[in-house]
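As stored in work_12.cif (mmCIF, C-alpha atoms):
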```
data_coords
loop_
_atom_site.label_atom_id
_atom_site.label_comp_id
_atom_site.auth_asym_id
_atom_site.auth_seq_id
_atom_site.Cartn_x
_atom_site.Cartn_y
_atom_site.Cartn_z
CA MET E 53 57.82 47.49 46.50
CA SER E 54 59.66 48.99 49.50
CA ASN E 55 61.23 45.62 50.34
CA LEU E 56 62.47 45.21 46.78
CA ARG E 57 63.90 48.74 46.82
CA ALA E 58 65.86 47.95 50.01
CA GLN E 59 67.68 45.11 48.26
CA ILE E 60 69.14 47.13 45.40
CA THR E 61 72.15 49.43 45.42
CA LEU E 62 71.42 53.06 44.63
CA PRO E 63 73.78 56.06 44.39
CA THR E 64 73.93 58.40 47.38
CA SER E 65 73.42 62.12 47.12
CA SER E 66 76.78 62.59 48.86
CA PRO E 67 79.24 60.24 47.14
CA GLU E 68 81.48 58.04 49.26
CA ALA E 69 85.23 58.77 49.04
CA GLU E 70 88.54 57.77 50.51
CA VAL E 71 91.91 59.51 50.53
CA SER E 72 95.18 58.06 51.81
CA GLN E 73 98.75 59.16 52.40
CA ARG E 74 101.79 57.14 53.39
CA ILE E 75 104.35 58.80 55.67
CA GLY E 76 107.41 56.62 56.01
CA ILE E 77 105.73 53.22 56.32
CA THR E 78 102.62 54.55 58.09
CA ASP E 79 99.34 54.70 56.16
CA ILE E 80 96.75 57.35 57.02
CA THR E 81 93.30 56.90 55.45
CA ILE E 82 90.22 59.13 55.64
CA HIS E 83 86.87 57.65 54.60
CA TYR E 84 83.94 60.04 54.19
CA ASN E 85 80.89 61.06 52.21
CA ARG E 86 81.08 64.27 50.16
CA PRO E 87 78.09 66.65 50.30
CA TYR E 88 77.73 69.56 47.86
CA VAL E 89 77.18 73.21 48.76
CA LYS E 90 74.30 73.57 46.28
CA GLY E 91 73.94 77.27 47.00
CA ARG E 92 73.35 76.74 50.71
CA LYS E 93 74.94 78.65 53.57
CA ILE E 94 77.21 76.08 55.16
CA TRP E 95 79.04 77.45 58.20
CA GLY E 96 76.78 78.53 61.03
CA ASN E 97 73.71 77.19 59.23
CA LEU E 98 73.85 73.73 57.60
CA VAL E 99 76.83 73.08 59.86
CA PRO E 100 75.83 74.85 63.07
CA TYR E 101 78.41 76.36 65.36
CA GLY E 102 79.41 74.50 68.51
CA PHE E 103 77.59 71.46 69.94
CA ASN E 104 73.87 71.10 69.32
CA TYR E 105 70.86 68.89 69.84
CA LEU E 106 70.07 67.57 66.36
CA GLY E 107 66.43 66.68 67.05
CA PHE E 108 67.03 62.95 67.16
CA GLY E 109 69.10 60.42 69.10
CA THR E 110 70.61 60.55 72.56
CA ALA E 111 73.18 63.31 72.09
CA LYS E 112 72.00 66.59 73.60
CA ALA E 113 75.21 68.37 72.51
CA ALA E 114 76.55 66.87 69.29
CA PRO E 115 79.36 68.02 66.99
CA TRP E 116 79.21 67.80 63.19
CA ARG E 117 80.01 64.43 61.59
CA ALA E 118 82.66 66.10 59.36
CA GLY E 119 80.96 64.85 56.22
CA SER E 120 77.57 63.28 55.59
CA ASP E 121 75.82 59.94 56.11
CA TYR E 122 77.97 57.52 58.15
CA ASN E 123 80.69 58.87 60.44
CA THR E 124 83.78 60.20 58.75
CA THR E 125 86.67 57.98 59.86
CA ILE E 126 90.43 58.36 60.00
CA ASP E 127 92.68 55.30 60.23
CA PHE E 128 96.35 55.11 61.29
CA SER E 129 98.44 51.99 60.71
CA HIS E 130 100.91 53.09 63.42
CA GLU E 131 100.92 55.53 66.32
CA VAL E 132 100.95 59.16 65.21
CA SER E 133 101.01 62.59 66.82
CA ILE E 134 98.22 65.04 65.93
CA GLN E 135 98.90 68.68 66.79
CA GLY E 136 101.35 67.36 69.40
CA HIS E 137 98.99 64.74 70.89
CA LYS E 138 99.89 61.05 70.61
CA VAL E 139 97.22 58.81 69.07
CA PRO E 140 97.57 55.00 69.02
CA ALA E 141 97.26 53.05 65.78
CA GLY E 142 93.63 52.39 64.94
CA LYS E 143 90.45 53.66 63.31
CA TYR E 144 88.56 56.63 64.74
CA ALA E 145 85.48 58.68 63.96
CA LEU E 146 86.27 62.28 63.10
CA PHE E 147 83.91 64.93 64.48
CA ILE E 148 84.18 68.70 64.16
CA ALA E 149 82.65 71.58 66.13
CA PRO E 150 83.36 74.94 64.44
CA GLU E 151 83.00 78.18 66.35
CA GLU E 152 81.92 81.56 64.99
CA ASN E 153 85.31 83.09 65.91
CA GLY E 154 87.11 80.70 63.53
CA GLU E 155 88.31 78.21 66.14
CA VAL E 156 87.44 74.58 65.52
CA ILE E 157 87.27 71.72 68.02
CA ILE E 158 88.31 68.46 66.38
CA ILE E 159 87.39 65.20 68.05
CA LEU E 160 88.58 61.64 67.51
CA SER E 161 86.05 59.14 68.84
CA SER E 162 86.05 55.36 69.22
CA ASN E 163 82.49 55.26 67.80
CA THR E 164 83.22 54.66 64.10
CA SER E 165 80.04 52.96 62.87
CA SER E 166 77.18 55.35 63.65
CA TRP E 167 75.07 57.29 61.20
CA GLY E 168 76.14 60.82 61.93
CA SER E 169 76.57 62.20 65.43
CA TYR E 170 73.02 61.66 66.75
CA TYR E 171 74.38 59.24 69.32
CA TYR E 172 77.62 61.06 70.01
CA ASP E 173 78.95 60.37 73.51
CA GLU E 174 81.76 62.45 74.95
CA LYS E 175 82.88 59.40 76.96
CA GLU E 176 83.96 57.79 73.68
CA ASP E 177 86.35 60.64 72.86
CA ILE E 178 89.94 59.56 72.29
CA LEU E 179 91.24 63.07 71.67
CA ARG E 180 90.02 66.66 71.53
CA PHE E 181 92.10 69.54 70.25
CA LYS E 182 91.59 73.00 68.78
CA VAL E 183 92.78 74.47 65.48
CA THR E 184 92.03 77.70 63.63
CA SER E 185 90.13 77.58 60.37
CA ILE E 186 91.14 79.57 57.29
CA ASP E 187 88.65 81.69 55.34
CA LYS E 188 89.13 81.40 51.57
CA THR E 189 88.19 83.76 48.76
CA THR E 190 87.21 80.83 46.54
CA SER E 191 84.58 78.21 47.29
CA THR E 192 84.93 74.41 47.22
CA GLU E 193 81.61 73.01 46.01
CA MET E 194 82.12 69.41 47.10
CA LEU E 195 83.51 68.64 50.56
CA THR E 196 87.11 67.49 50.14
CA TYR E 197 89.81 66.14 52.42
CA SER E 198 93.39 66.48 51.22
CA PHE E 199 96.91 65.83 52.46
CA ASP E 200 98.91 69.04 52.09
CA PHE E 201 102.52 69.95 52.86
CA VAL E 202 103.61 66.31 52.86
CA GLU E 203 107.13 65.88 54.25
CA PRO E 204 109.20 62.78 55.15
CA THR E 205 107.79 62.66 58.70
CA SER E 206 104.58 64.73 58.57
CA ALA E 207 101.60 65.95 56.59
CA THR E 208 98.78 68.42 57.06
CA VAL E 209 95.23 67.12 56.67
CA SER E 210 92.83 69.79 55.42
CA LEU E 211 89.05 69.79 55.14
CA HIS E 212 87.89 72.09 52.31
CA TRP E 213 84.25 73.04 51.95
CA SER E 214 82.50 76.21 50.86
CA THR E 215 84.84 79.08 51.74
CA LYS E 216 86.54 77.46 54.72
CA GLU E 217 89.62 75.30 55.17
CA ILE E 218 90.25 73.38 58.42
CA PRO E 219 93.82 72.06 58.69
CA PHE E 220 95.55 69.92 61.30
CA LYS E 221 99.06 68.47 61.32
CA ILE E 222 99.99 64.80 61.73
CA ASP E 223 103.53 63.83 62.69
CA VAL E 224 104.94 60.31 62.44
CA ALA E 225 108.00 58.96 64.29
CA VAL E 226 109.19 57.28 61.09
CA ASP E 227 112.61 56.10 62.26
CA LYS E 228 111.27 54.69 65.52
CA ILE E 229 108.49 52.83 63.68
CA VAL E 230 110.86 51.47 61.03
CA ILE E 231 113.38 50.26 63.61
CA ALA E 232 110.60 48.53 65.55
CA GLY E 233 109.37 46.93 62.32
CA ILE E 234 112.86 45.76 61.42
CA SER E 235 113.31 44.24 64.88
CA ASN E 236 110.13 42.25 64.33
CA ASP E 237 111.12 41.23 60.79
CA LEU E 238 114.40 39.83 62.06
CA ARG E 239 112.44 37.41 64.25
CA ASN E 240 110.30 36.06 61.42
CA PRO E 241 111.36 34.15 58.27
CA LYS E 242 112.93 37.30 56.79
CA GLY E 243 115.54 37.07 59.54
CA PHE E 244 116.83 33.79 58.14
CA GLN E 245 118.49 35.66 55.28
CA GLN E 246 121.83 37.41 55.61
CA SER E 247 120.74 40.23 53.30
CA THR E 248 117.97 41.19 55.77
CA TRP E 249 120.53 41.82 58.50
CA ASP E 250 122.69 43.84 56.08
CA SER E 251 119.70 46.00 55.10
CA ALA E 252 118.68 46.42 58.73
CA ALA E 253 122.16 47.54 59.75
CA ASN E 254 122.41 49.91 56.80
CA TYR E 255 119.13 51.62 57.75
CA ALA E 256 120.17 51.96 61.40
CA PHE E 257 123.49 53.43 60.25
CA SER E 258 121.74 55.91 57.96
CA ILE E 259 119.73 57.38 60.87
CA GLY E 260 122.66 57.44 63.29
CA GLU E 261 121.66 54.43 65.42
CA LEU E 262 125.26 53.22 65.44
CA ASP E 263 125.10 50.72 68.31
CA GLN E 264 122.07 49.03 66.79
CA ALA E 265 123.70 49.05 63.35
CA LEU E 266 126.84 47.42 64.76
CA GLN E 267 124.81 44.74 66.54
CA TRP E 268 122.93 43.83 63.37
CA ILE E 269 125.96 43.86 61.06
CA ASN E 270 127.90 41.67 63.50
CA ALA E 271 125.06 39.14 63.24
CA SER E 272 125.54 39.16 59.46
CA ILE E 273 129.28 38.56 59.79
CA GLU E 274 129.33 35.79 62.41
CA GLY E 275 127.32 33.73 64.84
CA ASN E 276 124.40 32.57 62.65
CA PHE E 277 124.07 29.70 60.20
CA PHE E 278 123.96 32.17 57.28
CA SER E 279 126.78 34.39 58.53
CA LYS E 280 129.88 34.98 56.46
CA GLU E 281 132.21 37.83 55.67
CA THR E 282 131.27 39.76 52.55
CA PHE E 283 132.34 43.06 51.08
CA ILE E 284 128.94 44.52 51.98
CA ASN E 285 128.93 43.69 55.67
CA LEU E 286 132.61 44.32 56.30
CA SER E 287 132.66 47.69 54.52
CA LEU E 288 129.53 48.75 56.41
CA LYS E 289 131.03 47.67 59.72
CA SER E 290 134.10 49.76 58.88
CA LYS E 291 131.89 52.81 58.30
CA ILE E 292 130.06 52.25 61.59
CA LEU E 293 133.31 51.94 63.54
CA GLU E 294 134.66 55.06 61.82
CA LYS E 295 131.58 57.02 62.92
CA GLN E 296 132.06 55.71 66.45
CA GLY E 297 135.60 57.07 66.45
CA LYS E 298 137.21 53.62 66.38
CA THR E 299 139.46 54.49 63.44
CA THR E 300 142.14 51.79 63.94
CA GLU E 301 139.56 49.00 64.11
CA ALA E 302 137.67 50.54 61.17
CA LYS E 303 140.82 50.51 59.03
CA HIS E 304 141.52 46.87 59.94
CA ILE E 305 137.98 45.81 58.95
CA LEU E 306 138.20 47.77 55.69
CA GLN E 307 141.38 45.92 54.75
CA ARG E 308 139.47 42.64 55.16
CA ALA E 309 136.67 43.97 52.95
CA ILE E 310 138.75 45.20 50.01
CA PRO E 311 139.77 41.77 48.59
CA LEU E 312 136.10 40.73 48.55
CA GLY E 313 134.85 43.68 46.52
CA ASN E 314 133.96 43.50 42.84
CA PRO E 315 134.83 46.42 40.52
CA ASP E 316 131.51 48.21 41.01
CA GLU E 317 131.48 47.77 44.80
CA LEU E 318 134.99 49.13 45.25
CA TYR E 319 134.30 51.96 42.80
CA ARG E 320 131.21 53.06 44.79
CA LEU E 321 133.12 52.77 48.05
CA GLY E 322 135.88 54.96 46.68
CA LEU E 323 133.38 57.54 45.45
CA GLY E 324 131.93 57.69 48.95
CA PHE E 325 135.33 58.58 50.35
CA ILE E 326 135.79 61.24 47.65
CA ALA E 327 132.43 62.75 48.60
CA ASP E 328 133.46 62.74 52.27
CA GLY E 329 136.75 64.46 51.45
CA GLN E 330 138.82 61.43 52.52
CA LEU E 331 140.94 61.58 49.39
CA ASN E 332 143.87 59.44 50.52
CA LYS E 333 141.52 56.65 51.51
CA ALA E 334 139.66 57.03 48.20
CA LEU E 335 142.92 56.70 46.27
CA GLU E 336 143.86 53.60 48.26
CA ILE E 337 140.53 51.96 47.42
CA MET E 338 140.68 52.84 43.73
CA GLN E 339 144.27 51.55 43.42
CA ALA E 340 143.24 48.30 45.10
CA ASN E 341 140.33 48.03 42.67
CA VAL E 342 142.68 48.19 39.68
CA LYS E 343 145.02 45.63 41.22
CA ASN E 344 142.43 43.18 42.58
CA ASN E 345 140.16 43.20 39.53
CA ASP E 346 142.77 43.32 36.72
CA GLY E 347 141.69 46.76 35.59
CA ALA E 348 138.09 45.73 34.85
CA PHE E 349 135.72 48.66 34.32
CA PRO E 350 135.22 50.96 36.19
CA SER E 351 138.46 50.47 38.16
CA HIS E 352 140.74 52.70 36.01
CA TYR E 353 137.96 55.27 35.73
CA GLY E 354 137.63 55.29 39.51
CA LEU E 355 141.37 55.72 39.87
CA ALA E 356 141.24 58.68 37.49
CA ARG E 357 138.55 60.28 39.64
CA ALA E 358 140.60 59.73 42.80
CA PHE E 359 143.71 61.31 41.28
CA SER E 360 141.62 64.16 39.87
CA ALA E 361 140.11 64.84 43.31
CA LYS E 362 143.66 65.27 44.63
CA ASN E 363 144.47 67.64 41.73
CA ASP E 364 146.95 65.09 40.32
CA PHE E 365 145.68 65.62 36.80
CA LYS E 366 148.68 63.97 35.11
CA ASN E 367 148.11 60.60 36.78
CA ALA E 368 144.35 61.01 36.42
CA LEU E 369 144.79 61.30 32.65
CA ILE E 370 147.09 58.26 32.56
CA ALA E 371 144.49 56.21 34.47
CA LEU E 372 141.69 57.35 32.20
CA GLU E 373 143.72 56.40 29.11
CA LYS E 374 143.94 52.83 30.47
CA THR E 375 140.21 52.19 30.49
CA GLY E 376 139.78 49.02 28.47
CA ALA E 377 137.53 47.45 25.89
CA ASP E 378 134.97 46.55 28.57
CA THR E 379 134.06 50.23 28.94
CA PRO E 380 130.30 50.63 28.20
CA ALA E 381 129.63 52.42 24.93
CA HIS E 382 127.68 55.24 26.60
CA PHE E 383 130.76 56.13 28.69
CA LYS E 384 133.15 56.58 25.79
CA PRO E 385 131.85 60.00 24.57
CA ARG E 386 131.99 61.14 28.19
CA PHE E 387 135.65 60.13 28.44
CA ALA E 388 136.61 62.42 25.56
CA LYS E 389 135.19 65.31 27.57
CA TYR E 390 136.97 64.19 30.75
CA LYS E 391 140.31 63.90 28.98
CA ALA E 392 139.94 67.45 27.68
CA GLN E 393 139.14 68.66 31.20
CA LEU E 394 142.16 66.91 32.71
CA LYS E 395 144.47 68.40 30.10
CA LYS E 396 143.20 71.81 31.23
CA GLU E 397 143.75 70.71 34.86
CA GLU E 398 140.06 70.70 35.68
CA ASP E 399 138.57 68.22 38.20
CA ILE E 400 136.31 65.65 36.55
CA ASN E 401 134.39 64.97 39.76
CA PRO E 402 131.00 66.70 39.96
CA THR E 403 130.89 69.59 42.42
#
```
Would you write the structure of this file as structure tokens?
Amino acid sequence: MSNLRAQITLPTSSPEAEVSQRIGITDITIHYNRPYVKGRKIWGNLVPYGFNYLGFGTAKAAPWRAGSDYNTTIDFSHEVSIQGHKVPAGKYALFIAPEENGEVIIILSSNTSSWGSYYYDEKEDILRFKVTSIDKTTSTEMLTYSFDFVEPTSATVSLHWSTKEIPFKIDVAVDKIVIAGISNDLRNPKGFQQSTWDSAANYAFSIGELDQALQWINASIEGNFFSKETFINLSLKSKILEKQGKTTEAKHILQRAIPLGNPDELYRLGLGFIADGQLNKALEIMQANVKNNDGAFPSHYGLARAFSAKNDFKNALIALEKTGADTPAHFKPRFAKYKAQLKKEEDINPT
């Protein structure tokens, strides 16, 4: 009967669980088993303080397995920084040694496949660091790991059990990781598409990596079998050069971009200049949009917004009156409101 029992799958008393969080493009995953309190004293009793001999195995001074059954593990798809300590991408066992004074030693170990910490070996430690636990007024019955205070480049991992919370912070160098990933993507089949280089350059520009952005957008414009001048790559190159202080060259590139832009592209470009306070440049773009695209929507609307931004409400109203039959139906009620605002000499651009 015992052999038959070993072949069937039975539920565990401490259910298996997994919780994950993505930060940027980095995945962090904790896999653990969840014991219950069941009325027991946890800290300093079921989970003893410090390092202890557990009555079995080779470890004479073992931490707690930070869960039950197999080792609790934490997996990082890219390098991270934990409480200021760099940790390479990979999968690690998570051990914990709480102290009576509230301090907690947290250990990452390369031994991820053991049952508990009976065979814990300090030589397998990848990282040790200390945090301070938090005593809670409410009790968590079932051991729980959670990702708290998630931000664009960091998150706090917290263990909750009984009346204690044990948090530690993980930081991720998102921009560095993304740039490295893009560099690799440009060498594989994705790099055989012009749009990949445009997207790469746009990301680099957005994080202030201007030299890298310029290198990638130049590859989109010339030098490769897919390269050609488009509104997208020329207008982006103009923005990069402007940020680098090369205003004359930026203006020249922008003039090459304008004839290639469709009504929506030029409209969005003009709005960007309005948002940046470059109102003369915005007006120039919106006027070119009307001329180059025969007044197709939203060119006259964009011109009205440019004039309005300059407090030229008379010409803004004239431009708005010229919006044609191709105006989407959902815009028309909005235009009645804008016309009323312009007549009262109120800017129609959102503040």
### Query
Within 10 Å of Lys143 in chain E, counting all atoms listed in the file, which residues qualify if same-chain residues fewer than 4 places away don't, as a ChimeraX atom specification?
/E:80-82,125-129,160-164
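Separating CA of Asn341 in chain E from CA of Leu394 in chain E is a distance of 21.4 Å.
Minimum atom-to-atom distance to Val139 in chain E, evaluated using only C-alpha atoms, belongs to E:Ala225 out of E:Ala225, E:Glu317, E:Asn285, E:Thr205.
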### Task
Evaluate the PyMOL selection byres ((chain E and resi 385-389) around 10) here and jot the selected residues down as an MDAnalysis selection string.
chainID E and resid 353 372:373 375 381:384 390:394 400
### Task
Extract, using all atoms listed in the file, all DNA, RNA and protein residues at most 8 Å from Ile284 in chain E, discarding same-chain residues fewer than 4 positions from it, and format them as a ChimeraX atom specification.
/E:250,288,309
### Residues in the PyMOL selection byres ((chain E and resi 135) around 10), expressed as a PyMOL selection string
chain E and resi 132-134+136-138+181-183+208+220-223
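Residues matched by the PyMOL selection byres ((chain E and resi 363) around 12) in this file: Leu331, Leu335, Ala356, Arg357, Ala358, Phe359, Ser360, Ala361, Lys362, Asp364, Phe365, Lys366, Asn367, Ala368, Leu369, Gln393, Leu394, Lys395, Lys396, Glu397, Glu398, Asp399, Ile400 and Asn401 of chain E.
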### Task
Pick out the residues sitting within 7 Å of Phe349 in chain E, and hand them over as a ChimeraX atom specification; count all atoms listed in the file, and ignore anything fewer than 4 positions along from it in its own chain.
/E:315,375,378-379
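Our summary of the geometry notes that CA of Glu176 in chain E is positioned 9.9 Å from CA of Ala145 in chain E.
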Taking (81.8, 78.1, 73.7) in the coordinates of the supplied file, I want to know which residues reach to within 12 Å of it, counting only C-alpha atoms; could you give the answer as a JSON list (two decimals) with C-alpha atoms, in the frame of the given file?
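The new file out_31.json reads:
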```json
[["chain", "number", "residue", "atom", "x", "y", "z"],
["E", 101, "TYR", "CA", 78.41, 76.36, 65.36],
["E", 102, "GLY", "CA", 79.41, 74.50, 68.51],
["E", 103, "PHE", "CA", 77.59, 71.46, 69.94],
["E", 104, "ASN", "CA", 73.87, 71.10, 69.32],
["E", 113, "ALA", "CA", 75.21, 68.37, 72.51],
["E", 149, "ALA", "CA", 82.65, 71.58, 66.13],
["E", 150, "PRO", "CA", 83.36, 74.94, 64.44],
["E", 151, "GLU", "CA", 83.00, 78.18, 66.35],
["E", 152, "GLU", "CA", 81.92, 81.56, 64.99],
["E", 153, "ASN", "CA", 85.31, 83.09, 65.91],
["E", 154, "GLY", "CA", 87.11, 80.70, 63.53],
["E", 155, "GLU", "CA", 88.31, 78.21, 66.14],
["E", 156, "VAL", "CA", 87.44, 74.58, 65.52],
["E", 157, "ILE", "CA", 87.27, 71.72, 68.02]]
```
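When CA of Lys374 in chain E is paired with CA of Leu355 in chain E, their separation reads 10.2 Å.
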### Query
Which neighbours of Ser210 in chain E fall inside 9 Å, counting all atoms listed in the file, when residues of the same chain fewer than 5 positions from it are skipped, and could you give them as JSON, numbers by chain?
{"E": [196, 197, 198, 199, 200, 217, 218, 219, 220, 221]}
Can you list, as a short mmCIF file (atom, residue, chain, number, x, y, z; two decimals) with C-alpha atoms, in the coordinates of the input, every protein, DNA or RNA residue that comes within 7 Å of Ala334 in chain E when you count all atoms listed in the file, leaving out same-chain residues fewer than 6 positions away?
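New file result-v2.cif:
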```cif
data_model
loop_
_atom_site.label_atom_id
_atom_site.label_comp_id
_atom_site.auth_asym_id
_atom_site.auth_seq_id
_atom_site.Cartn_x
_atom_site.Cartn_y
_atom_site.Cartn_z
CA GLY E 322 135.88 54.96 46.68
CA LEU E 323 133.38 57.54 45.45
CA PHE E 325 135.33 58.58 50.35
CA ILE E 326 135.79 61.24 47.65
CA ALA E 358 140.60 59.73 42.80
#
```
### Message
Nearest residue to Glu131 in chain E out of E:Ala253, E:Val71, E:Ala265, E:Val230, using only C-alpha atoms?
### Response
E:Val230
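Taking all atoms listed in the file into account, Gln245 in chain E lies nearest to E:Lys280 out of the set E:Lys289, E:Ile60, E:Lys280, E:Leu266.
Ranking E:Thr403, E:Pro115, E:Pro241, E:Asn123 by their shortest atom-to-atom distance to Gly329 in chain E, with all atoms listed in the file included, puts E:Thr403 first.
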### Proximity to Ser66 in chain E - best of E:Met194, E:Leu286, E:Ile269, E:Leu106, all atoms listed in the file
E:Met194
